[in-house]
Amino acid sequence: ATSSDAILSARGLTKEFFGFKAVNDVDLDVMEGTIHALIGPNGAGKTTVFNLLTKFLTPTEGRIVFRGEDITGVKPADVARMGLVRSFQISAVFPHLTVLDNVRVALQRKEGLATQFWRSNRLLGRLNEEAERLIDAVGLSAFSAHDAAELPYGRKRALEIATTLALDPPVLLFDEPMAGMGVEDIGRISDLIRRIAKGRTVVMVEHNLNVVADLCDRVTVLARGEILAEGDYATVSNDKRVREAYMGS
Ligand code: ADP
């Protein structure tokens, strides 16, 4: 059975690569409305769990339930359509389109309608308004007319968040959203994630433990493919086994 308050659950999740269990019998409950982090030393299985949850990998064993529906056999695109969306798929941003056009394309994709739909001036106006609202929400108004390729790294990731938000997903998954960022970008993206988490559920793999401490309501610690500890950051960071796992890495 899965916990009834969980929006996303895994039971007995196992992934073998050539007989090696990268993820071994993991049970996970992500509660609706929380920011939930997956942490652990290198090789712990975080990315594999992330790819299993977003259906980019198929589990060797176990199942995944999203909003009461078993999604174990569902394709990534269909899972995204159901509202479980993974951010930072670089392909989501077109380098030679402007920031504004990137967001417009994403909004059109969400509508899933023929371009015909946008030929009416009224609807085109609404599309532009919505695009500007999203660009403002991620702090990119000053960059609206710039090509995506010209953006500094942190801003590019903010654009990726905007194109993801265009889908208005109830659950957002981020794989290392702060990777390769300087302090300033980390602060800005943290604020952004905190804001978009209102009314949404966020799951993130994150290496930067300061970010996790600052941002996340719940933390699952993985080591060697298994769950080592779970709870708020203060609890797991004081766990002796967690400390040992990090020191050994
Ligand atoms: P983390 O994200 O916590 O660093 P990963 O999920 O990337 O850990 O990897 C967990 C383990 O599974 C590692 O030992 C890694 O080498 C192994 N692994 C991950 N993906 C593959 C793969 N496609 N083929 C073989 N081994 C893999």
# chains A, B, ... in the order shown; residues from 1 in each chain; ligands from 1
>>> closest_atom_pairs(of="chain A", to="ligand 1", cutoff="9 Å", atoms="only C-alpha atoms and all ligand atoms", output="tab-separated table")
residue	atom	partner	partner_atom_place_in_ligand_line	distance
A:Lys15	CA	ligand 1	12 (O)	8.6
A:Glu16	CA	ligand 1	26 (N)	8.0
A:Phe17	CA	ligand 1	25 (C)	4.8
A:Phe18	CA	ligand 1	25 (C)	7.0
A:Phe20	CA	ligand 1	26 (N)	7.4
A:Lys21	CA	ligand 1	12 (O)	7.2
A:Ala22	CA	ligand 1	12 (O)	4.0
A:Val23	CA	ligand 1	10 (C)	7.1
A:Leu38	CA	ligand 1	3 (O)	8.7
A:Ile39	CA	ligand 1	3 (O)	7.4
A:Gly40	CA	ligand 1	3 (O)	6.1
A:Pro41	CA	ligand 1	3 (O)	6.1
A:Asn42	CA	ligand 1	4 (O)	3.9
A:Gly43	CA	ligand 1	8 (O)	3.5
A:Ala44	CA	ligand 1	3 (O)	3.6
A:Gly45	CA	ligand 1	6 (O)	3.1
A:Lys46	CA	ligand 1	3 (O)	3.7
A:Thr47	CA	ligand 1	2 (O)	3.7
A:Thr48	CA	ligand 1	6 (O)	3.7
A:Val49	CA	ligand 1	6 (O)	6.5
A:Phe50	CA	ligand 1	6 (O)	7.9
A:Asn51	CA	ligand 1	6 (O)	8.4
A:Val205	CA	ligand 1	2 (O)	8.0
A:Leu222	CA	ligand 1	3 (O)	7.3
A:Ala223	CA	ligand 1	3 (O)	7.5
A:Arg224	CA	ligand 1	10 (C)	7.2
A:Gly225	CA	ligand 1	10 (C)	6.6
>>> write_last_selection(atoms="N, CA and C atoms", output="PDB file, in the first residue's frame")
ATOM      1  N   LYS A  15      16.672  -1.258  -9.582  1.00  0.00           N
ATOM      2  CA  LYS A  15      17.210  -1.181 -10.936  1.00  0.00           C
ATOM      3  C   LYS A  15      18.566  -1.864 -10.984  1.00  0.00           C
ATOM      4  N   GLU A  16      18.641  -2.864 -11.819  1.00  0.00           N
ATOM      5  CA  GLU A  16      19.906  -3.583 -11.992  1.00  0.00           C
ATOM      6  C   GLU A  16      20.548  -3.181 -13.305  1.00  0.00           C
ATOM      7  N   PHE A  17      21.858  -2.956 -13.264  1.00  0.00           N
ATOM      8  CA  PHE A  17      22.637  -2.811 -14.490  1.00  0.00           C
ATOM      9  C   PHE A  17      23.592  -3.998 -14.559  1.00  0.00           C
ATOM     10  N   PHE A  18      23.399  -4.873 -15.490  1.00  0.00           N
ATOM     11  CA  PHE A  18      24.260  -6.063 -15.627  1.00  0.00           C
ATOM     12  C   PHE A  18      24.430  -6.774 -14.285  1.00  0.00           C
ATOM     13  N   PHE A  20      24.196  -5.645 -11.344  1.00  0.00           N
ATOM     14  CA  PHE A  20      24.554  -4.767 -10.219  1.00  0.00           C
ATOM     15  C   PHE A  20      23.341  -3.912  -9.839  1.00  0.00           C
ATOM     16  N   LYS A  21      22.968  -3.975  -8.559  1.00  0.00           N
ATOM     17  CA  LYS A  21      21.788  -3.234  -8.123  1.00  0.00           C
ATOM     18  C   LYS A  21      22.131  -1.781  -7.795  1.00  0.00           C
ATOM     19  N   ALA A  22      21.921  -0.908  -8.768  1.00  0.00           N
ATOM     20  CA  ALA A  22      22.184   0.524  -8.567  1.00  0.00           C
ATOM     21  C   ALA A  22      21.146   1.111  -7.617  1.00  0.00           C
ATOM     22  N   VAL A  23      19.939   0.563  -7.664  1.00  0.00           N
ATOM     23  CA  VAL A  23      18.863   0.943  -6.741  1.00  0.00           C
ATOM     24  C   VAL A  23      18.258  -0.354  -6.232  1.00  0.00           C
ATOM     25  N   LEU A  38      16.555  14.434  -2.863  1.00  0.00           N
ATOM     26  CA  LEU A  38      17.271  13.159  -2.849  1.00  0.00           C
ATOM     27  C   LEU A  38      18.748  13.503  -2.745  1.00  0.00           C
ATOM     28  N   ILE A  39      19.375  13.054  -1.667  1.00  0.00           N
ATOM     29  CA  ILE A  39      20.806  13.327  -1.508  1.00  0.00           C
ATOM     30  C   ILE A  39      21.549  12.014  -1.245  1.00  0.00           C
ATOM     31  N   GLY A  40      22.861  12.111  -1.170  1.00  0.00           N
ATOM     32  CA  GLY A  40      23.680  10.936  -0.911  1.00  0.00           C
ATOM     33  C   GLY A  40      25.006  11.073  -1.619  1.00  0.00           C
ATOM     34  N   PRO A  41      26.003  10.309  -1.159  1.00  0.00           N
ATOM     35  CA  PRO A  41      27.329  10.391  -1.783  1.00  0.00           C
ATOM     36  C   PRO A  41      27.295   9.934  -3.242  1.00  0.00           C
ATOM     37  N   ASN A  42      28.369  10.213  -3.982  1.00  0.00           N
ATOM     38  CA  ASN A  42      28.471   9.789  -5.383  1.00  0.00           C
ATOM     39  C   ASN A  42      28.216   8.304  -5.530  1.00  0.00           C
ATOM     40  N   GLY A  43      27.452   7.958  -6.554  1.00  0.00           N
ATOM     41  CA  GLY A  43      27.189   6.551  -6.823  1.00  0.00           C
ATOM     42  C   GLY A  43      26.084   5.964  -5.957  1.00  0.00           C
ATOM     43  N   ALA A  44      25.410   6.813  -5.176  1.00  0.00           N
ATOM     44  CA  ALA A  44      24.379   6.337  -4.242  1.00  0.00           C
ATOM     45  C   ALA A  44      23.141   5.814  -4.972  1.00  0.00           C
ATOM     46  N   GLY A  45      22.937   6.288  -6.189  1.00  0.00           N
ATOM     47  CA  GLY A  45      21.758   5.865  -6.945  1.00  0.00           C
ATOM     48  C   GLY A  45      20.732   6.967  -7.136  1.00  0.00           C
ATOM     49  N   LYS A  46      21.108   8.199  -6.800  1.00  0.00           N
ATOM     50  CA  LYS A  46      20.169   9.333  -6.890  1.00  0.00           C
ATOM     51  C   LYS A  46      19.653   9.552  -8.320  1.00  0.00           C
ATOM     52  N   THR A  47      20.600   9.624  -9.255  1.00  0.00           N
ATOM     53  CA  THR A  47      20.210   9.871 -10.645  1.00  0.00           C
ATOM     54  C   THR A  47      19.364   8.722 -11.178  1.00  0.00           C
ATOM     55  N   THR A  48      19.723   7.508 -10.783  1.00  0.00           N
ATOM     56  CA  THR A  48      18.946   6.350 -11.235  1.00  0.00           C
ATOM     57  C   THR A  48      17.516   6.422 -10.698  1.00  0.00           C
ATOM     58  N   VAL A  49      17.355   6.760  -9.417  1.00  0.00           N
ATOM     59  CA  VAL A  49      16.009   6.913  -8.848  1.00  0.00           C
ATOM     60  C   VAL A  49      15.258   8.009  -9.601  1.00  0.00           C
ATOM     61  N   PHE A  50      15.946   9.114  -9.845  1.00  0.00           N
ATOM     62  CA  PHE A  50      15.341  10.240 -10.560  1.00  0.00           C
ATOM     63  C   PHE A  50      14.852   9.790 -11.946  1.00  0.00           C
ATOM     64  N   ASN A  51      15.697   9.049 -12.647  1.00  0.00           N
ATOM     65  CA  ASN A  51      15.327   8.572 -13.985  1.00  0.00           C
ATOM     66  C   ASN A  51      14.206   7.537 -13.934  1.00  0.00           C
ATOM     67  N   VAL A 205      17.215  16.310  -7.045  1.00  0.00           N
ATOM     68  CA  VAL A 205      18.509  15.747  -6.679  1.00  0.00           C
ATOM     69  C   VAL A 205      19.421  16.941  -6.494  1.00  0.00           C
ATOM     70  N   LEU A 222      20.205   8.541   0.178  1.00  0.00           N
ATOM     71  CA  LEU A 222      20.507   7.251  -0.424  1.00  0.00           C
ATOM     72  C   LEU A 222      21.982   6.948  -0.259  1.00  0.00           C
ATOM     73  N   ALA A 223      22.304   5.685  -0.102  1.00  0.00           N
ATOM     74  CA  ALA A 223      23.693   5.241  -0.152  1.00  0.00           C
ATOM     75  C   ALA A 223      23.699   3.817  -0.670  1.00  0.00           C
ATOM     76  N   ARG A 224      24.569   3.547  -1.607  1.00  0.00           N
ATOM     77  CA  ARG A 224      24.653   2.215  -2.236  1.00  0.00           C
ATOM     78  C   ARG A 224      23.302   1.677  -2.675  1.00  0.00           C
ATOM     79  N   GLY A 225      22.509   2.534  -3.229  1.00  0.00           N
ATOM     80  CA  GLY A 225      21.238   2.103  -3.803  1.00  0.00           C
ATOM     81  C   GLY A 225      20.109   1.909  -2.814  1.00  0.00           C
TER      82      GLY A 225
END
>>> select_by_dssp(residues="segment 70-246 of chain A", states="strand (DSSP E or B)", output="JSON, numbers by chain")
{"A": [70, 84, 85, 86, 98, 147, 171, 172, 173, 174, 175, 201, 202, 203, 204, 205, 218, 219, 220, 221, 222, 223, 226, 227, 228, 229, 230, 231]}
>>> residues_around(residues="Leu151 of chain A", least_positions_apart="3", cutoff="12 Å", atoms="only C-alpha atoms", output="PyMOL selection string")
chain A and resi 93-99+140+142-148+154-160
>>> residues_around(residues="Asp27 of chain A", least_positions_apart="2", cutoff="6 Å", atoms="only C-alpha atoms", output="JSON, numbers by chain")
{"A": [10, 11, 12]}
>>> residues_around(residues="Ala166 of chain A", least_positions_apart="3", cutoff="6 Å", atoms="only C-alpha atoms", output="list in words")
Ala106, Leu107 and Thr163 of chain A
>>> closest_residue(among="A:Leu53, A:Val221, A:Val203, A:Val138", to="Asp185 of chain A", atoms="only C-alpha atoms")
A:Val138
>>> closest_residue(among="A:Leu28, A:Ser141, A:Arg126, A:Leu8", to="Glu226 of chain A", atoms="only C-alpha atoms")
A:Leu28
>>> residues_around(residues="Arg81 of chain A", least_positions_apart="2", cutoff="12 Å", atoms="only C-alpha atoms", output="list in words")
Thr54, Ile71, Val74, Lys75, Pro76, Ala77, Asp78, Val79, Gly83, Leu84, Val85, Arg86, Arg109, Lys110, Glu111, Gly112, Thr164, Leu167, Asp168, Pro169, Pro170 and Val171 of chain A
>>> write_last_selection(atoms="C-alpha atoms", output="PDB file, in the first residue's frame")
ATOM      1  CA  THR A  54      10.442  10.296 -14.483  1.00  0.00           C
ATOM      2  CA  ILE A  71       2.619   4.676 -13.898  1.00  0.00           C
ATOM      3  CA  VAL A  74       3.763   4.574 -18.769  1.00  0.00           C
ATOM      4  CA  LYS A  75       6.057   6.395 -21.223  1.00  0.00           C
ATOM      5  CA  PRO A  76       7.891   9.606 -20.142  1.00  0.00           C
ATOM      6  CA  ALA A  77       5.895  11.824 -22.505  1.00  0.00           C
ATOM      7  CA  ASP A  78       2.626  10.446 -21.169  1.00  0.00           C
ATOM      8  CA  VAL A  79       3.796  10.857 -17.583  1.00  0.00           C
ATOM      9  CA  GLY A  83       1.543  16.347 -14.688  1.00  0.00           C
ATOM     10  CA  LEU A  84       4.870  14.857 -13.649  1.00  0.00           C
ATOM     11  CA  VAL A  85       7.404  16.993 -15.467  1.00  0.00           C
ATOM     12  CA  ARG A  86      11.158  16.917 -15.443  1.00  0.00           C
ATOM     13  CA  ARG A 109       3.139  22.906 -26.957  1.00  0.00           C
ATOM     14  CA  LYS A 110       1.130  22.782 -23.776  1.00  0.00           C
ATOM     15  CA  GLU A 111      -2.049  23.745 -25.582  1.00  0.00           C
ATOM     16  CA  GLY A 112      -1.251  20.903 -27.941  1.00  0.00           C
ATOM     17  CA  THR A 164       8.801  23.919 -17.874  1.00  0.00           C
ATOM     18  CA  LEU A 167       3.261  23.265 -18.887  1.00  0.00           C
ATOM     19  CA  ASP A 168       1.933  24.253 -15.443  1.00  0.00           C
ATOM     20  CA  PRO A 169       2.830  20.896 -13.912  1.00  0.00           C
ATOM     21  CA  PRO A 170       1.663  19.974 -10.404  1.00  0.00           C
ATOM     22  CA  VAL A 171       4.895  18.028  -9.859  1.00  0.00           C
TER      23      VAL A 171
END
>>> closest_residue(among="A:Ala37, A:Ala92, A:Met82, A:Ile161", to="Val236 of chain A", atoms="only C-alpha atoms")
A:Ala37
>>> atom_distance(atom1="atom CA of Gly33 of chain A", atom2="atom CA of Arg200 of chain A")
5.2 Å
>>> select_by_dssp(residues="segment 26-81 of chain A", states="helix (DSSP H, G or I)", output="list in words")
Lys46, Thr47, Thr48, Val49, Phe50, Asn51, Leu52, Leu53, Pro76, Ala77, Asp78, Val79, Ala80 and Arg81 of chain A
>>> closest_residue(among="A:Ile35, A:Glu61, A:Thr220, A:Glu206", to="Asp239 of chain A", atoms="only C-alpha atoms")
A:Thr220
>>> atom_distance(atom1="atom CA of Val202 of chain A", atom2="atom CA of Met247 of chain A")
27.8 Å
>>> atom_distance(atom1="atom CA of Leu192 of chain A", atom2="atom CA of Ala162 of chain A")
10.1 Å
>>> residues_around(residues="Lys198 of chain A", least_positions_apart="4", cutoff="9 Å", atoms="only C-alpha atoms", output="list in words")
Gly33, Thr34, Ile193 and Arg194 of chain A
